[in-house]
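I have placed the structure first, in the form of structure tokens, so that the comments after it can refer back to it.
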Amino acid sequence: MPNSDPHLARERDAVSLFGEPEGGAGVAIRATLKRDLVLLMRRRSEVLNPLVFFALVITLFPIGISPDPELLATIAPGLLWVAALLAALLSLDSLFRSDYEDGSLEQLLLSPHPLPALALAKVAVHWLLTGLPLALMAPVLGIMLALPAGSYAVLALSLALGSASLSLIGAIGAALTVGLSRGGVLLSLLVLPLYIPVLIFGAGAVQAAIFGEGVAAHLAILGALLAVALILAPWAIAASLRISING
Amino acid sequence: MSLRLQARKLACERDDRWLFKDLDLDIHAGEIVRVEGPNGSGKTTLLKILSGQLADFDGELYWNEHPMRRTRQDFLANLLYLGHAPGVKAALTPLENLAWYQALAGEPDDEAARFAALAAVGLVGFEDLPAGQLSAGQQRRVALARLELIPRALWVLDEPFTAIDRDGVAALEARLVAHARRGGCVLVTTHHELADSPALRRIRLGQGARDAEL
């Protein structure tokens, strides 16, 4: 290529003005984490809604069933887990919804960085502001249901572990239904069957703690479910988002 | 690095209607390509296909002579897409919006560059207001600030002039021409009449039209 050709020289100079991505995926992931955290902190009601729902359901049960502590203590593990699960489900629909509506989602998909990692960042924020607060709140509500004192730590731990799986699995459904105007019901139908194993072992862990049995096995299975979800869900979420945007 | 986006025998069907058929495109560095056509003629769909967002079409795309499937990563690294929706978060300030886009595009975190980009689109003094409190035109300008902030060669812009005032339109038009002159490439849909420039080319989509004027 002759250097004397002014046209070519200009073109080469010009192209060097345009860069290509320099920062790694880590920068993009951190920025996405920060952005979603800031966004949710500015829309507090979205963070508070699932917590209020959780508290209301648990408050109403002793009133509706019976104040008998023995009866309540028997059903408490399942009750707390079901209510927390539904509260988490309630908050899922909005996970990608606003990004879809204002066009940020298509920008996310056009990022040169791996989409599964970026999606995982969004799910992490969802868990941090939904699943984790639910897990921390559960022991307080457990008092209302006369949950035996020894099982509080297991309750919080099982919910923290389990709700992370719930967020990951739920995000797949949220990604699949984000393009539909009324995806809420479909989302629940898609996701609930996949929630059942988490519910069984989560409530089982608390049950075992009440009866003084070993909880390690239940927690280990919850951890295993989380590990599998962590490995597979980001790819499924990314693929689901691409399908939704394609339609 | 050359810059060439080609499409061969592109065809897209929506609701039992061909939006376009046998569309051949060859877009080079230094060009502004305006996609024209009435509402519903498939302009946005064409832009989405050409920016690699839709897979539901017939035909082949090539980026720098290679099939798009294999060079997608390289293509995305050179692409700046501005969609119909501005992609601006109402709860975030313009600066925060741009900070995310900067990181998402893999650019180094640079606050001065963000201020400069906002100044270039005339948003000095609005940097720290939530974008939701800005007018539609100002929100569009926040999105347009990405053109200043993120140096990419291929711009794909869907109706970038929407809600922009007359001065802003002139400035943006000059910006497109300057980008093409610097060796970049612009693919744009707009109902606004662009001033004639040697770099400008037009693609006309009609109701089921199969003849692109190329």
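Chain labels follow the order of the structure tokens: the first chain is A, the next B, and so on; residue numbering restarts at 1 in every chain, and ligands are counted from 1 in their shown order.
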
6 Å contacts from chain A to chain B using only C-alpha atoms, as a list in words: Glu11, Ala14, Val15, Phe18, Gly19, Glu20, Pro21, Glu22, Gly23, Val27, Ala28, Ala31, Asp102, Gly103, Ser104, Pro112 and Asn246 of chain A

Spatial neighbours of Ser41 (chain B), 12 Å, only C-alpha atoms, chain gap at least 5 places, as a ChimeraX atom specification: /B:12-14,17-21,35-36,46-47,189,203-210

Polymer residues at most 10 Å from region 54-61 of chain A, only C-alpha atoms, same-chain spacing of 5 or more positions, as a PyMOL selection string: chain A and resi 48-49+66-67+72+76+79-88+134+137-138+140-142+144-145

Any chance you can output those residues with N, CA and C atoms as a PDB file, in the first residue's frame?
```pdb
ATOM      1  N   LEU A  48     -39.403  -2.793  48.654  1.00  0.00           N
ATOM      2  CA  LEU A  48     -40.219  -3.027  49.848  1.00  0.00           C
ATOM      3  C   LEU A  48     -41.412  -3.938  49.578  1.00  0.00           C
ATOM      4  N   ASN A  49     -41.955  -3.878  48.360  1.00  0.00           N
ATOM      5  CA  ASN A  49     -43.157  -4.654  48.054  1.00  0.00           C
ATOM      6  C   ASN A  49     -43.082  -6.117  48.469  1.00  0.00           C
ATOM      7  N   SER A  66     -55.235 -20.289  63.852  1.00  0.00           N
ATOM      8  CA  SER A  66     -55.431 -20.449  65.296  1.00  0.00           C
ATOM      9  C   SER A  66     -54.192 -19.913  65.975  1.00  0.00           C
ATOM     10  N   PRO A  67     -54.323 -19.326  67.126  1.00  0.00           N
ATOM     11  CA  PRO A  67     -53.135 -18.811  67.817  1.00  0.00           C
ATOM     12  C   PRO A  67     -52.381 -19.904  68.574  1.00  0.00           C
ATOM     13  N   LEU A  72     -49.070 -23.851  65.156  1.00  0.00           N
ATOM     14  CA  LEU A  72     -48.335 -22.903  64.311  1.00  0.00           C
ATOM     15  C   LEU A  72     -46.895 -23.377  64.088  1.00  0.00           C
ATOM     16  N   ALA A  76     -45.097 -23.801  60.575  1.00  0.00           N
ATOM     17  CA  ALA A  76     -44.285 -22.602  60.341  1.00  0.00           C
ATOM     18  C   ALA A  76     -43.224 -22.766  59.241  1.00  0.00           C
ATOM     19  N   LEU A  79     -44.835 -22.695  55.876  1.00  0.00           N
ATOM     20  CA  LEU A  79     -45.510 -21.422  55.677  1.00  0.00           C
ATOM     21  C   LEU A  79     -44.519 -20.314  55.333  1.00  0.00           C
ATOM     22  N   LEU A  80     -43.468 -20.242  56.131  1.00  0.00           N
ATOM     23  CA  LEU A  80     -42.460 -19.200  55.898  1.00  0.00           C
ATOM     24  C   LEU A  80     -41.825 -19.369  54.532  1.00  0.00           C
ATOM     25  N   TRP A  81     -41.540 -20.618  54.182  1.00  0.00           N
ATOM     26  CA  TRP A  81     -40.881 -20.855  52.899  1.00  0.00           C
ATOM     27  C   TRP A  81     -41.791 -20.531  51.719  1.00  0.00           C
ATOM     28  N   VAL A  82     -43.061 -20.961  51.815  1.00  0.00           N
ATOM     29  CA  VAL A  82     -43.992 -20.688  50.710  1.00  0.00           C
ATOM     30  C   VAL A  82     -44.190 -19.181  50.546  1.00  0.00           C
ATOM     31  N   ALA A  83     -44.373 -18.489  51.676  1.00  0.00           N
ATOM     32  CA  ALA A  83     -44.609 -17.043  51.581  1.00  0.00           C
ATOM     33  C   ALA A  83     -43.392 -16.334  51.003  1.00  0.00           C
ATOM     34  N   ALA A  84     -42.190 -16.747  51.426  1.00  0.00           N
ATOM     35  CA  ALA A  84     -40.980 -16.112  50.896  1.00  0.00           C
ATOM     36  C   ALA A  84     -40.830 -16.397  49.408  1.00  0.00           C
ATOM     37  N   LEU A  85     -41.155 -17.626  49.027  1.00  0.00           N
ATOM     38  CA  LEU A  85     -41.052 -18.008  47.614  1.00  0.00           C
ATOM     39  C   LEU A  85     -41.997 -17.178  46.754  1.00  0.00           C
ATOM     40  N   LEU A  86     -43.234 -17.012  47.234  1.00  0.00           N
ATOM     41  CA  LEU A  86     -44.200 -16.223  46.458  1.00  0.00           C
ATOM     42  C   LEU A  86     -43.786 -14.754  46.424  1.00  0.00           C
ATOM     43  N   ALA A  87     -43.230 -14.265  47.530  1.00  0.00           N
ATOM     44  CA  ALA A  87     -42.779 -12.869  47.550  1.00  0.00           C
ATOM     45  C   ALA A  87     -41.670 -12.660  46.522  1.00  0.00           C
ATOM     46  N   ALA A  88     -40.754 -13.633  46.446  1.00  0.00           N
ATOM     47  CA  ALA A  88     -39.666 -13.521  45.467  1.00  0.00           C
ATOM     48  C   ALA A  88     -40.224 -13.582  44.051  1.00  0.00           C
ATOM     49  N   LEU A 134     -35.392 -10.951  52.483  1.00  0.00           N
ATOM     50  CA  LEU A 134     -36.422 -11.918  52.899  1.00  0.00           C
ATOM     51  C   LEU A 134     -35.835 -12.905  53.901  1.00  0.00           C
ATOM     52  N   MET A 137     -35.346 -11.286  57.239  1.00  0.00           N
ATOM     53  CA  MET A 137     -36.599 -10.936  57.885  1.00  0.00           C
ATOM     54  C   MET A 137     -37.309 -12.169  58.441  1.00  0.00           C
ATOM     55  N   ALA A 138     -37.059 -13.317  57.818  1.00  0.00           N
ATOM     56  CA  ALA A 138     -37.823 -14.519  58.157  1.00  0.00           C
ATOM     57  C   ALA A 138     -37.764 -14.884  59.645  1.00  0.00           C
ATOM     58  N   VAL A 140     -37.601 -13.027  62.236  1.00  0.00           N
ATOM     59  CA  VAL A 140     -38.489 -12.133  62.978  1.00  0.00           C
ATOM     60  C   VAL A 140     -39.939 -12.604  62.835  1.00  0.00           C
ATOM     61  N   LEU A 141     -40.308 -12.967  61.610  1.00  0.00           N
ATOM     62  CA  LEU A 141     -41.664 -13.452  61.380  1.00  0.00           C
ATOM     63  C   LEU A 141     -41.855 -14.836  61.997  1.00  0.00           C
ATOM     64  N   GLY A 142     -40.730 -15.568  62.082  1.00  0.00           N
ATOM     65  CA  GLY A 142     -40.787 -16.882  62.722  1.00  0.00           C
ATOM     66  C   GLY A 142     -41.265 -16.782  64.169  1.00  0.00           C
ATOM     67  N   MET A 144     -43.430 -14.797  65.292  1.00  0.00           N
ATOM     68  CA  MET A 144     -44.891 -14.683  65.255  1.00  0.00           C
ATOM     69  C   MET A 144     -45.558 -16.045  65.112  1.00  0.00           C
ATOM     70  N   LEU A 145     -44.865 -16.969  64.462  1.00  0.00           N
ATOM     71  CA  LEU A 145     -45.429 -18.304  64.249  1.00  0.00           C
ATOM     72  C   LEU A 145     -44.937 -19.285  65.310  1.00  0.00           C
TER      73      LEU A 145
END
```

In region 25-106 of chain B, DSSP strand (DSSP E or B) residues written as number ranges by chain: B: 25-28, 32-36, 58-63, 66-67, 79-82

Alpha helix (DSSP H) per DSSP on the backbone: members of region 71-198 of chain A, as a ChimeraX atom specification: /A:71-92,94-102,104-109,115-126,132-144,152-177,184-198

Nearest residue to Gly78 (chain A) from the set A:Ser98, A:Ser158, A:Ser240, A:Gln207 (distances using only C-alpha atoms): A:Gln207

Among the residues B:Ala131, B:His28, B:Ala11, B:Leu200, the one that comes closest to Thr45 (chain B) [using only C-alpha atoms]: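 For Thr45 (chain B), the nearest of the given residues is B:Ala11.
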
Residues near region 110-116 of chain B, cut-off 7 Å, only C-alpha atoms, skip fewer than 6 positions along chain, as JSON, numbers by chain: {"B": [95, 98, 149]}

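Look at Leu194 (chain A): the protein and nucleic acid residues within 9 Å of it, using only C-alpha atoms and passing over chain neighbours fewer than 4 places away, are Leu166, Ile169, Gly170, Leu190 and Val198 of chain A.
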
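Of note, CA of Pro133 (chain A) and CA of Val47 (chain A) are spaced 9.2 Å apart.
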
Residues near Ala239 (chain A), cut-off 9 Å, only C-alpha atoms, skip fewer than 6 positions along chain, as a list of chain:residue names: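 My reading of the contact set: A:Leu115, A:Pro116, A:Ile172, A:Ala175, A:Leu176.
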
Distance of CA of Ala203 (chain A) from CA of Ala119 (chain A), expressed in Å to one decimal place: 28.3 Å

Counting only C-alpha atoms, the residue of B:Pro94, B:Gly42, B:Gly168, B:Pro160 that sits nearest Gln139 (chain B):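 Between B:Pro94, B:Gly42, B:Gly168, B:Pro160, the residue approaching Gln139 (chain B) most closely is B:Pro94.
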